[in-house]
Amino acid sequence: MFRTPVPLCWMLPAVSNLTWAADAARTIIWIRHAEKADVSGDDAPLSKPGQCRAEVLASMLADSGVKQIYTTRFIRTKQTAQPLAKTLGIQPYDKSSQDEATLVAKLRSEPAAGTVLVVGHSNSAPSIISRLGAGKVTPIDDKTGFDRMFVVTLTGAKQAEVAALRYPGCPDPK
């Protein structure tokens, strides 16, 4: 039997609306910020490919039920979230003043009816996802892992399931 692969953008709305028992499961979509510009300093903005990837993300998640967006203090996370935030009319919340334990508690306390997007960095995903109860995930390569997405579904008080995905950027104009 021939099976056609299902594009990721068709699966996300279904993944974000999973239910467990009588309560709707809480879903957290964690992504790494898009490609950053090659400039000096630690607060680099997005590059042109990064801006394009942020637009792709907004298109993919426009109907996914995102109700809250968390970013860090860095401009690249804010710029990655901005197209989706604008589309949905959401003001992103800067989580930089929170340590990981506080952020995880906040994510677990979000209303079950909505999906939460967290835009973070390559070094924070494994720890946060583990603290949410979803176990270990493969570390993200700092130089190339701009397409990483983790869909975390909270299934119990300290339990979660995770789907490790990749989302597309824009075609190389070469």
# chains A, B, ... in the order shown; residues from 1 in each chain; ligands from 1
>>> select_by_dssp(residues="chain A", states="alpha helix (DSSP H)", output="MDAnalysis selection string")
chainID A and resid 8:16 48:61 75:88 100:109 125:131
>>> residues_around(residues="segment 82-91 of chain A", least_positions_apart="6", cutoff="10 Å", atoms="only C-alpha atoms", output="list in words")
Gln51, Cys52, Ala54, Glu55, Val56, Leu57, Ala58, Ser59, Met60, Leu61, Ala62, Asp63, Gly65, Val66, Lys67, Gln68, Ile69, Tyr70, Thr71, Arg76 and Leu117 of chain A
>>> atom_distance(atom1="atom CA of Arg26 of chain A", atom2="atom CA of Thr153 of chain A")
5.8 Å
>>> residues_around(residues="Pro139 of chain A", least_positions_apart="6", cutoff="12 Å", atoms="only C-alpha atoms", output="VMD selection string")
chain A and resid 32 121 to 130 145 148 to 150 164
>>> atom_distance(atom1="atom CA of Gly133 of chain A", atom2="atom CA of Thr77 of chain A")
23.9 Å
>>> select_by_dssp(residues="segment 23-110 of chain A", states="strand (DSSP E)", output="number ranges by chain")
A: 23-24, 26-32, 66-71, 93-94
>>> write_last_selection(atoms="N, CA and C atoms", output="compact mmCIF listing (two decimals), in the first residue's frame")
# COMPACT_ATOMS: atom_id res chain seq x y z
N ASP A 23 -9.96 16.11 30.39
CA ASP A 23 -9.41 17.45 30.27
C ASP A 23 -8.62 17.59 28.98
N ALA A 24 -8.65 18.79 28.43
CA ALA A 24 -7.81 19.06 27.27
C ALA A 24 -6.35 19.10 27.74
N ARG A 26 -2.52 20.25 27.85
CA ARG A 26 -1.81 21.49 27.59
C ARG A 26 -0.71 21.19 26.59
N THR A 27 -0.58 22.03 25.59
CA THR A 27 0.43 21.84 24.56
C THR A 27 1.35 23.03 24.53
N ILE A 28 2.65 22.74 24.51
CA ILE A 28 3.67 23.78 24.43
C ILE A 28 4.49 23.50 23.19
N ILE A 29 4.57 24.48 22.32
CA ILE A 29 5.42 24.36 21.14
C ILE A 29 6.68 25.16 21.45
N TRP A 30 7.80 24.46 21.53
CA TRP A 30 9.07 25.11 21.83
C TRP A 30 9.87 25.15 20.54
N ILE A 31 10.33 26.34 20.15
CA ILE A 31 11.19 26.46 18.97
C ILE A 31 12.44 27.24 19.33
N ARG A 32 13.46 26.99 18.56
CA ARG A 32 14.65 27.80 18.66
C ARG A 32 14.45 29.02 17.77
N VAL A 66 -2.53 28.78 19.29
CA VAL A 66 -1.60 29.47 20.20
C VAL A 66 -2.33 30.63 20.88
N LYS A 67 -2.27 30.63 22.22
CA LYS A 67 -2.92 31.67 23.02
C LYS A 67 -1.93 32.56 23.75
N GLN A 68 -0.69 32.07 23.91
CA GLN A 68 0.34 32.83 24.61
C GLN A 68 1.68 32.55 23.95
N ILE A 69 2.54 33.57 23.92
CA ILE A 69 3.88 33.44 23.36
C ILE A 69 4.88 33.95 24.39
N TYR A 70 5.92 33.14 24.61
CA TYR A 70 7.01 33.53 25.51
C TYR A 70 8.29 33.69 24.68
N THR A 71 9.04 34.74 24.95
CA THR A 71 10.34 34.96 24.32
C THR A 71 11.37 35.22 25.41
N TYR A 93 5.21 37.53 25.88
CA TYR A 93 5.66 37.73 27.24
C TYR A 93 7.15 37.44 27.31
N ASP A 94 7.94 38.38 27.81
CA ASP A 94 9.38 38.21 27.95
C ASP A 94 9.65 37.41 29.22
>>> residues_around(residues="Ala105 of chain A", least_positions_apart="4", cutoff="10 Å", atoms="only C-alpha atoms", output="list in words")
Glu100, Ala101, Ser109, Glu110, Arg131 and Leu132 of chain A
>>> closest_residue(among="A:Arg108, A:Lys143, A:Lys136, A:Arg73", to="Val162 of chain A", atoms="only C-alpha atoms")
A:Lys136
>>> atom_distance(atom1="atom CA of Ala112 of chain A", atom2="atom CA of Glu161 of chain A")
15.2 Å
